[in-house]
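Worksheet: one structure, shown below.
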Amino acid sequence: MRQPLARWVCLDVGETLIDETRLWSIWADELHIPRLTFMSAFGAVIARGGEHRGVFELVARPDWLDHMARVQAQYGGFQPHDLYPDALSALEALRGAGYRIAIVANQPVERTAELLALGVKAEILAMSDELGVWKPQPAFFERVLELMGRPDPATVVYVGDRIDNDVLPAAAMGMRSVWLRRGPWGVIARSAPSEAHLVVDSLVELVERVAECWPPPRG
Ligand SMILES: [Mg+2]
């Protein structure tokens, strides 16, 4: 069923479309920290409400930035197997249902080309480092609306895995806010804030339920 209005579905990247397990495994290996230890520390930082970079402090590696170039070289950008298995099919299904697609995230500039190379299609593909604004700043969400041609924010669904960076700021901007409860942030937070218009555990479920973001017409 096609949508009566040009509604947008705007998606985050990390832990929404892309599984970041490989990146953090490379970090663990590069720092010679057992992966289980490193990932546990990562979770502890999230549970404390910290930023993910806080993991380096917790594992006592203030020298982590010295390893950045080596990690990025090993990572080599997004690879096909980094995509969550439901990512491409969900984007296709949403497009088929008449939604316009935007993909925006806190990511380096080169991720746009990498996503295109993986077959990710969207009308808008923009990373924070090229926009010069970052989530959860309101300016990030304002810039996204501007790229869309300034639609009524209530016609835009924003989908992301983090409550602090995705759900709350998107809802504050007047967008329909969907919490995709997967990845470390999804597992650790569990209970949904009242600001979330919809909570889903996969992009398959998003496709099935995205229309619930709007109240049914009266009558
Ligand atoms: Mg994310």
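Just so we're on the same page: first chain in the structure tokens is A, next is B, and so on; residues restart at 1 for each chain, and ligands are numbered from 1 in the order they show up.
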* May I ask you to write as a PyMOL selection string all residues lying at most 7 Å from ligand 1, with only C-alpha atoms and all ligand atoms counted? => chain A and resi 12-16+160-162
* To do: Name the residues in contact with region 199-208 of chain A at a cut-off of 7 Å, using only C-alpha atoms, excluding same-chain residues fewer than 4 positions from it; report them as a ChimeraX atom specification.
  => /A:86-87,90,93-94,178-182
Those selected residues, please, written with N, CA and C atoms and delivered as an mmCIF file, in the first residue's frame.
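Printed below is selection.cif as written:
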data_model
loop_
_atom_site.group_PDB
_atom_site.id
_atom_site.type_symbol
_atom_site.label_atom_id
_atom_site.label_comp_id
_atom_site.auth_asym_id
_atom_site.auth_seq_id
_atom_site.Cartn_x
_atom_site.Cartn_y
_atom_site.Cartn_z
ATOM 1 N N ASP A 86 18.952 -7.915 7.520
ATOM 2 C CA ASP A 86 17.650 -7.372 7.098
ATOM 3 C C ASP A 86 17.751 -5.971 6.483
ATOM 4 N N ALA A 87 18.973 -5.428 6.390
ATOM 5 C CA ALA A 87 19.106 -4.012 6.012
ATOM 6 C C ALA A 87 18.624 -3.715 4.589
ATOM 7 N N ALA A 90 14.889 -4.478 3.908
ATOM 8 C CA ALA A 90 13.976 -3.537 4.582
ATOM 9 C C ALA A 90 13.913 -2.215 3.825
ATOM 10 N N ALA A 93 11.752 -2.774 0.856
ATOM 11 C CA ALA A 93 10.332 -2.899 1.216
ATOM 12 C C ALA A 93 9.735 -1.539 1.576
ATOM 13 N N LEU A 94 10.496 -0.720 2.285
ATOM 14 C CA LEU A 94 10.005 0.618 2.651
ATOM 15 C C LEU A 94 9.809 1.472 1.404
ATOM 16 N N VAL A 178 11.496 6.135 16.267
ATOM 17 C CA VAL A 178 11.456 4.670 16.404
ATOM 18 C C VAL A 178 12.748 4.195 17.047
ATOM 19 N N TRP A 179 12.601 3.452 18.116
ATOM 20 C CA TRP A 179 13.779 2.844 18.753
ATOM 21 C C TRP A 179 13.945 1.431 18.210
ATOM 22 N N LEU A 180 15.061 1.222 17.540
ATOM 23 C CA LEU A 180 15.423 -0.112 17.053
ATOM 24 C C LEU A 180 16.270 -0.750 18.145
ATOM 25 N N ARG A 181 15.653 -1.711 18.835
ATOM 26 C CA ARG A 181 16.277 -2.249 20.041
ATOM 27 C C ARG A 181 17.219 -3.403 19.707
ATOM 28 N N ARG A 182 18.365 -3.067 19.109
ATOM 29 C CA ARG A 182 19.400 -4.083 18.889
ATOM 30 C C ARG A 182 20.761 -3.445 19.017
#
* Leaving out region 119-132 of chain A and any residue of its chain fewer than 5 positions from it, which residues lie within 12 Å of it when counting only C-alpha atoms, given as an MDAnalysis selection string? -> chainID A and resid 8:14 17:18 78:80 83:84 86:95 99:114 137 139:149
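Taking CA of Leu23 (chain A) as the reference point, CA of Val167 (chain A) is found at 23.9 Å.
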* To do: Give the helix (DSSP H, G or I) residues of region 2-215 of chain A, as DSSP finds them on the backbone, and put them as a PyMOL selection string.
  => chain A and resi 21-30+35-47+54-58+64-75+80-82+87-96+111-117+128-131+138-147+153-155+163-172+183-189+203-213
* **Exercise: Val156 (chain A) partners within 8 Å, only C-alpha atoms, chain neighbours under 2 positions left out, as a ChimeraX atom specification** => /A:7-10,151-154,158,175-176
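Residue nearest Glu212 (chain A), chosen from A:Ala170, A:Gly186, A:Ser177, A:Thr21 and counting only C-alpha atoms: A:Ser177.
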* Suppose you want the space between CA of Ala196 (chain A) and CA of Pro138 (chain A); what is it in Å? -> 16.9 Å
Per-residue nearest contacts region 173-206 of chain A to region 44-60 of chain A, cut-off 8 Å, using only C-alpha atoms, as a tab-separated table:
residue	atom	partner	partner_atom	distance
A:Pro184	CA	A:Ile46	CA	7.8
A:Trp185	CA	A:Ile46	CA	6.7
A:Ile188	CA	A:Ala47	CA	6.4
A:Ala189	CA	A:Ala47	CA	7.5
* To do: Please return as a list of chain:residue names: the residues of region 126-161 of chain A that backbone DSSP assigns to strand (DSSP E).
  => A:Ala126, A:Met127, A:Val156, A:Val157, A:Tyr158, A:Val159, A:Gly160
Would you put the residues from that selection into a file with all heavy atoms, as an mmCIF file, in the first residue's frame?
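Writing done, so here's selection.cif:
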data_model
loop_
_atom_site.group_PDB
_atom_site.id
_atom_site.type_symbol
_atom_site.label_atom_id
_atom_site.label_comp_id
_atom_site.auth_asym_id
_atom_site.auth_seq_id
_atom_site.Cartn_x
_atom_site.Cartn_y
_atom_site.Cartn_z
ATOM 1 N N ALA A 126 23.877 11.048 4.020
ATOM 2 C CA ALA A 126 24.761 12.111 4.496
ATOM 3 C C ALA A 126 25.335 11.751 5.858
ATOM 4 O O ALA A 126 24.611 11.347 6.771
ATOM 5 C CB ALA A 126 23.996 13.429 4.567
ATOM 6 N N MET A 127 26.640 11.894 5.993
ATOM 7 C CA MET A 127 27.315 11.585 7.244
ATOM 8 C C MET A 127 27.658 12.885 7.983
ATOM 9 O O MET A 127 27.926 13.919 7.362
ATOM 10 C CB MET A 127 28.605 10.794 6.968
ATOM 11 C CG MET A 127 28.371 9.496 6.210
ATOM 12 S SD MET A 127 27.290 8.327 7.079
ATOM 13 C CE MET A 127 25.971 8.127 5.896
ATOM 14 N N VAL A 156 7.987 12.558 9.181
ATOM 15 C CA VAL A 156 9.296 11.907 9.102
ATOM 16 C C VAL A 156 9.452 10.912 10.251
ATOM 17 O O VAL A 156 9.232 11.259 11.411
ATOM 18 C CB VAL A 156 10.437 12.953 9.186
ATOM 19 C CG1 VAL A 156 11.797 12.267 9.178
ATOM 20 C CG2 VAL A 156 10.318 13.963 8.056
ATOM 21 N N VAL A 157 9.811 9.689 9.904
ATOM 22 C CA VAL A 157 10.135 8.682 10.922
ATOM 23 C C VAL A 157 11.642 8.645 11.054
ATOM 24 O O VAL A 157 12.349 8.578 10.045
ATOM 25 C CB VAL A 157 9.654 7.282 10.473
ATOM 26 C CG1 VAL A 157 10.157 6.214 11.439
ATOM 27 C CG2 VAL A 157 8.147 7.238 10.395
ATOM 28 N N TYR A 158 12.136 8.699 12.283
ATOM 29 C CA TYR A 158 13.575 8.569 12.493
ATOM 30 C C TYR A 158 13.836 7.263 13.247
ATOM 31 O O TYR A 158 13.266 7.034 14.313
ATOM 32 C CB TYR A 158 14.126 9.763 13.285
ATOM 33 C CG TYR A 158 15.620 9.697 13.353
ATOM 34 C CD1 TYR A 158 16.409 10.284 12.376
ATOM 35 C CD2 TYR A 158 16.244 8.944 14.341
ATOM 36 C CE1 TYR A 158 17.778 10.151 12.398
ATOM 37 C CE2 TYR A 158 17.614 8.803 14.363
ATOM 38 C CZ TYR A 158 18.386 9.417 13.391
ATOM 39 O OH TYR A 158 19.734 9.265 13.399
ATOM 40 N N VAL A 159 14.702 6.429 12.704
ATOM 41 C CA VAL A 159 14.956 5.096 13.262
ATOM 42 C C VAL A 159 16.398 4.991 13.726
ATOM 43 O O VAL A 159 17.327 5.207 12.938
ATOM 44 C CB VAL A 159 14.721 3.998 12.186
ATOM 45 C CG1 VAL A 159 14.877 2.610 12.796
ATOM 46 C CG2 VAL A 159 13.356 4.161 11.533
ATOM 47 N N GLY A 160 16.607 4.639 14.998
ATOM 48 C CA GLY A 160 17.968 4.476 15.490
ATOM 49 C C GLY A 160 18.018 3.583 16.713
ATOM 50 O O GLY A 160 16.989 3.312 17.345
#
* List the neighbours of Gln72 (chain A) out to 10 Å using only C-alpha atoms; skip same-chain residues closer than 5 positions along the sequence, and give me the result as JSON, numbers by chain. => {"A": [23, 26, 27, 67, 77]}
